[in-house]
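Read the structure below first, then the notes.
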2 protein chains.
Amino acid sequence: MQIIKYPEKETWKQLVSRPELDSGALMTTVSKIIADIKTDGDTALFEYINKFDGGLNGELRITNEEIRIGIGELSSELKKAIDLAFSNITRFHASQVDDVKKIETSPGVICWRQSIAIERVGLYIPGGTAPLFSTVLMLGIPAQLAGCKEVVLCTPANKNGQVNPAILYAAQKTGISEIYKVGGAQAIAAMGVGTESIPKVDKIFGPGNQYVTAAKQLIQLNGVAIDMPAGPSEVCILADSSANPTFIAADLLSQAEHGIDSQVFLVSDSEFVLSETLRELRIQLERLERKKLAASALENSKAILVHNLDEGMELVNAYAAEHLIIASDKASYFVSKVTHAGSVFLGNYTPESAGDYASGTNHTLPTNGYARAYSGVSLDSFIRKVTFQQITADGIKHLGQTIITMAEAEGLDAHAEAVRIRIKSLKDV
Amino acid sequence: MQIIKYPEKETWKQLVSRPELDSGALMTTVSKIIADIKTDGDTALFEYINKFDGGLNGELRITNEEIRIGIGELSSELKKAIDLAFSNITRFHASQVDDVKKIETSPGVICWRQSIAIERVGLYIPGGTAPLFSTVLMLGIPAQLAGCKEVVLCTPANKNGQVNPAILYAAQKTGISEIYKVGGAQAIAAMGVGTESIPKVDKIFGPGNQYVTAAKQLIQLNGVAIDMPAGPSEVCILADSSANPTFIAADLLSQAEHGIDSQVFLVSDSEFVLSETLRELRIQLERLERKKLAASALENSKAILVHNLDEGMELVNAYAAEHLIIASDKASYFVSKVTHAGSVFLGNYTPESAGDYASGTNHTLPTNGYARAYSGVSLDSFIRKVTFQQITADGIKHLGQTIITMAEAEGLDAHAEAVRIRIKSLKDV
């Protein structure tokens with residue numbers, strides 16, 4: 001970890017910048033995958049499964065029998081853990097349901113918004129080095145609460161054609177039974193344009209490697225929505241002298257173990273906390289199974305000494321982290337000062353991994369500075385808020401002249417006429 | 001208008017499909033504009049202003065003096081109309097403020113969401129055939145209510161270097177003073193990447209022609225968010241025998257006058273209403289200033305006879321209209337049956353133009369079938385909902401084992417360790 005002491009403000013922009021990836025070649029490859037699957041459907045899809053997923057062992061869609069057998073293999077301890085996480089995540093996301101508020105904006109003019117589930121959604125769960133069954137909960141629970149009619153899940157199977165049993169259990173918990181064994185850009189393309197086997201969806205969710213990310217960006221040009229753009233995972237910790245360097249080191253490592261492109265950022269006004277954390281990092285790193293990954297990620301990471309926590313807060317806001325831990329026993333003081341972050345972890349007993357799994361908040365969050373403009377996934381991500389308005393005859397008489405004046409000033413005569421014709425009809429009565 | 005009687009369900013998909021535009025060449029042109037402005041800043045920006053906006057008469061940024069003089073020219077009638085619209089739109093959007101709900105998901109684990117304004121937003125207001133000051137209200141009001149710190153507005157000036165006074169007045173009402181005289185893709189590019197003159201923003205809003213639309217789609221690849229993808233404006237009317245053909249015709253024309261690519265879609269179970277509406281269309285069309293535009297738009301439009309209103313509702317949901325008018329004195333009955341629409345207008349005295357200007361709902365809405373996955377603009381579009389969690393020492397003791405079990409099952413050892421190390425420290429005490 002690189003230590004930077006009291007950086008000048010002019011250097012901050014550079015300090016908080018993420019590495020820019022050149023995705024040109026990637027985009028060309030992925031565009032072709034989408035175009036091919038759009039034109040040739042399953043034929044192209046299976047070609048790509050052979051090419052990139054290493055072929056398909058068994059059927060594309062997982063059978064009920066496979067789900068039953070898979071879940072049977074799961075330990076009751078893991079089931080119990082998933083059950084508790086399910087319950088917490090459900091409780092928090094259920095609190096996001098909005099009541100309908102009917103507002104009389106002017107006499108006889110009633111407006112309101114109604115939350116309506118997106119009908120067809122597609123969830124992508126990567127295979128790779130970790131079987132992310134927790135992400136099934138994070139996407140499946142709000143989809144279920146929203147009432148999405150069709151929830152499709154794509155995830156690559158292993159060489160034996162099997163999907164991790166915990167993924168199957170989490171899917172079952174969230175009412176998902178339509179699971180396809182396909183990964184990568186071809187999975188996103190199939191859900192985005194639809195094939196004979198895999199239905200087209202309206203919105204696609206979920207993490208993935210750079211091919212998946214590119215496919216999600218490009219599928220938007222086909223009119224399909226996505227949860228948010230993605231980038232490497234990251235954590236930022238703001239620590240004062242009340243923070244525990246042992247805990248901070250553990251939190252930094254829990255981010256660093258995700259992969260060599262993980263971003264780790266530590267800001268403190270205490271030189272002692274910084275140096276102790278670095279010492280702890282070296283000790284704890286030795287104990288890790290994913291030691292190599294974590295060590296590489298740490299090489300690109302920064303520990304920054306600032307004059308005081310207010311300056312520190314300003315710097316972490318400039319960074320706009322996916323995960324922001326405020327490691328201080330005065331964490332509550334900083335709540336109102338957060339302007340840019342995906343999810344915030346307050347105090348010394350709130351590790352990021354709590355939010356990753358079981359506190360109840362969603363772990364699908366904006367990385368790469370996208371927290372400046374995007375929220376993480378929530379119930380909102382699975383609904384649309386449709387506006388309704390109902391105007392009475394008296395209401396249009398009252399509001400009519402305003403509309404007519406504005407429409408005429410915009411040169412939209414027929415807009416004015418649609419009101420005039422109604423007002424005239426009321427006078428004729 | 002093309003009349004289609006009792007179409008078979010197999011033909012619906014074709015019936016509701018919008019013309020697909022080939023945007024390949026456009027994308028190349030616009031990509032270059034963005035790349036040039038990213039590399040050369042103002043130099044490239046001014047070249048494009050000369051090339052596409054016909055040069056710049058005066059300064060790029062409008063002065064306070066220009067604003068004062070412009071507003072002075074505005075009629076008090078129009079000011080009054082804008083004031084009333086401002087008041088209604090503000091009232092409705094203010095009702096969208098969410099209270100913070102702190103949820104104890106399990107003992108000692110508190111989670112909540114906090115709405116935080118997007119710091120820097122850019123609004124685009126097209127010039128062209130209509131000066132859309134109403135759109136300034138629709139974007140400026142929620143930006144103001146959200147508390148966005150920097151609101152930048154770009155709009156092309158006329159040949160004399162002037163911006164329409166009503167645009168200036170609406171901007172002033174919504175607290176916007178940073179207005180740049182630039183239009184088209186170059187305006188989007190400048191706000192997306194930032195130049196010496198125009199600041200970079202986090203999210204870009206607003207309608208525009210196909211160049212603007214392409215620029216908004218492409219600017220996302222630079223990490224800038226946009227309100228939603230855009231397409232030609234459209235209205236769909238579901239009418240039963242209680243509907244007034246004179247009103248329906250006026251509403252169809254108020255959509256058709258937007259431009260030759262406007263989409264107009266009428267569905268009814270009453271053959272009399274359809275034929276009367278078509279007769280009325282011919283009469284009212286003659287009276288319109290924008291007659292030619294409207295007539296062209298109507299050529300591509302469809303009037304569809306269905307067996308009953310339930311079937312009609314299913315068809316209009318399949319269409320997923322930007323604006324859906326339910327022209328029936330039983331409109332309320334259909335509220336719960338709407339699954340896909342941008343904004344819904346209920347009953348015979350609720351013309352679309354009411355929502356366009358002054359009912360209070362937002363008129364920036366998903367077109368082109370995007371209503372399947374997107375909401376219209378609202379206060380939500382200008383904020384992020386950041387999640388917070390705070391766990392007590394007892395809370396992590398209670399929840400800890402769940403997190404450890406799940407992290408281990410995902411092979412993320414350091415995630416488990418961040419919890420173990422905290423629990424251990426509590427036992428040591």
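Just so we're on the same page: first chain in the structure tokens is A, next is B, and so on; residues restart at 1 for each chain, and ligands are numbered from 1 in the order they show up.
The residue set within 12 Å of B:Glu289, counting only C-alpha atoms and dropping same-chain residues fewer than 2 places from it, reads Glu408, Gly411, Leu412, Asp413, Ala414, His415, Ala416 and Glu417 of chain A; Leu253, Ser254, Glu257, His258, Gln284, Leu285, Glu286, Arg287, Lys291, Lys292, Leu293, Ala294 and Ala295 of chain B.
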**Prompt:** Could you name the residues that touch B:Phe388 at 6 Å or less, counting only C-alpha atoms, but leaving out those on the same chain fewer than 4 positions away, as an NGL selection string?
**Reply:** (:A and (343-344)) or (:B and (111-112))
**Request:** Enumerate as a count of residues only all residues of stretch 88-322 of chain B assigned to alpha helix (DSSP H) by DSSP on the backbone, naming them with the chain letters and numbers the document uses.
**Result:** 99
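Counting only C-alpha atoms, the residue from B:Val235, B:Ile421, B:Ala303, B:Ile34 that sits nearest to chain A is B:Ile421.
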**Message:** Excluding B:Glu20 and its own-chain neighbours fewer than 4 positions away, which residues fall within 12 Å of it when counting only C-alpha atoms? Please give them as number ranges by chain.
**Reply:** A: 221-223; B: 24, 231-232, 261, 368-369
**Item:** Shell of 8 Å around B:Leu84, only C-alpha atoms, local chain residues under 3 positions omitted, as a list in words
**Value:** Thr402 of chain A; Lys80, Ala81, Ser87, Asn88 and Ala358 of chain B
Can you list, as a short mmCIF file (atom, residue, chain, number, x, y, z; two decimals) with N, CA and C atoms, in the first residue's frame, every protein, DNA or RNA residue that comes within 8 Å of B:Tyr319 when you count only C-alpha atoms, leaving out same-chain residues fewer than 3 positions away?
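Result file follows (out_26.cif):
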```cif
data_model
loop_
_atom_site.label_atom_id
_atom_site.label_comp_id
_atom_site.auth_asym_id
_atom_site.auth_seq_id
_atom_site.Cartn_x
_atom_site.Cartn_y
_atom_site.Cartn_z
N VAL B 16 -47.68 -3.20 -32.66
CA VAL B 16 -47.19 -2.24 -31.66
C VAL B 16 -45.71 -1.89 -31.86
N SER B 17 -45.08 -2.49 -32.88
CA SER B 17 -43.65 -2.23 -33.05
C SER B 17 -43.42 -0.84 -33.64
N LEU B 315 -53.96 -4.64 -25.34
CA LEU B 315 -53.23 -4.14 -26.52
C LEU B 315 -52.45 -2.87 -26.19
N VAL B 316 -53.06 -1.96 -25.44
CA VAL B 316 -52.33 -0.72 -25.13
C VAL B 316 -51.17 -0.99 -24.16
N HIS B 340 -48.03 -0.99 -18.53
CA HIS B 340 -46.93 -0.32 -19.22
C HIS B 340 -47.39 1.00 -19.80
N GLY B 369 -41.55 2.42 -26.39
CA GLY B 369 -41.69 1.16 -25.66
C GLY B 369 -40.80 1.08 -24.43
#
```
**Message:** Restricting the calculation to only C-alpha atoms: of A:Ser233, A:Ser106, A:Ser75, A:Thr63, which residue gets closest to chain B?
**Reply:**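 Residue with the minimum atom-to-atom distance to chain B: A:Ser106.
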What's around B:Val121 at 7 Å? Count only C-alpha atoms, leave out sequence neighbours fewer than 5 positions away in its own chain, and write the answer as a compact mmCIF listing (two decimals) with N, CA and C atoms, in the first residue's frame.
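Once written, selection.txt looks like this:
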```txt
# COMPACT_ATOMS: atom_id res chain seq x y z
N GLU B 150 -25.09 22.33 -8.68
CA GLU B 150 -24.75 23.01 -9.93
C GLU B 150 -25.68 22.52 -11.02
N VAL B 151 -26.47 23.44 -11.56
CA VAL B 151 -27.39 23.08 -12.64
C VAL B 151 -27.00 23.90 -13.87
N VAL B 152 -26.58 23.19 -14.90
CA VAL B 152 -26.12 23.82 -16.14
C VAL B 152 -27.20 23.61 -17.19
N VAL B 201 -20.72 17.56 -15.96
CA VAL B 201 -21.79 17.23 -15.01
C VAL B 201 -21.82 15.71 -14.78
N ASP B 202 -22.62 15.30 -13.79
CA ASP B 202 -22.73 13.88 -13.46
C ASP B 202 -23.87 13.19 -14.22
N LYS B 203 -24.88 13.98 -14.57
CA LYS B 203 -26.05 13.38 -15.24
C LYS B 203 -26.65 14.41 -16.18
N ILE B 204 -27.09 13.94 -17.35
CA ILE B 204 -27.63 14.84 -18.37
C ILE B 204 -29.10 14.50 -18.64
```
Extract, using only C-alpha atoms, all DNA, RNA and protein residues at most 7 Å from A:Ser328, discarding same-chain residues fewer than 2 positions from it, and format them as a JSON list (two decimals) with N, CA and C atoms, in the first residue's frame.
```json
[["chain", "number", "residue", "atom", "x", "y", "z"],
["A", 239, "ALA", "N", -10.94, 6.75, 8.73],
["A", 239, "ALA", "CA", -10.68, 6.31, 10.11],
["A", 239, "ALA", "C", -10.10, 7.43, 10.95],
["A", 240, "ASP", "N", -10.60, 7.58, 12.16],
["A", 240, "ASP", "CA", -9.95, 8.52, 13.07],
["A", 240, "ASP", "C", -9.19, 7.72, 14.14],
["A", 242, "SER", "N", -9.98, 6.77, 16.93],
["A", 242, "SER", "CA", -10.78, 5.81, 17.69],
["A", 242, "SER", "C", -10.95, 4.49, 16.93],
["A", 243, "ALA", "N", -10.44, 4.45, 15.69],
["A", 243, "ALA", "CA", -10.61, 3.25, 14.87],
["A", 243, "ALA", "C", -9.65, 2.15, 15.33],
["A", 326, "ILE", "N", -17.01, 4.26, 7.75],
["A", 326, "ILE", "CA", -16.57, 5.34, 8.62],
["A", 326, "ILE", "C", -16.20, 4.72, 9.96],
["A", 330, "LYS", "N", -17.39, 8.24, 16.45],
["A", 330, "LYS", "CA", -18.26, 9.40, 16.21],
["A", 330, "LYS", "C", -18.85, 9.33, 14.80],
["A", 331, "ALA", "N", -19.03, 8.10, 14.29],
["A", 331, "ALA", "CA", -19.47, 7.92, 12.90],
["A", 331, "ALA", "C", -20.76, 8.68, 12.59],
["A", 347, "GLY", "N", -19.25, 3.09, 12.05],
["A", 347, "GLY", "CA", -18.74, 2.63, 13.35],
["A", 347, "GLY", "C", -17.81, 1.45, 13.22],
["A", 348, "ASN", "N", -17.29, 1.06, 14.35],
["A", 348, "ASN", "CA", -16.23, 0.05, 14.34],
["A", 348, "ASN", "C", -16.74, -1.39, 14.29]]
```
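Among the candidates B:Leu298, B:Leu78, B:Val212, B:Ile167, the one nearest to chain A when counting only C-alpha atoms is B:Leu78.
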**Message:** Quick check, in Å to one decimal: how far apart do atom CA of A:Lys149 and atom CA of A:Ser134 lie?
**Reply:** 21.7 Å
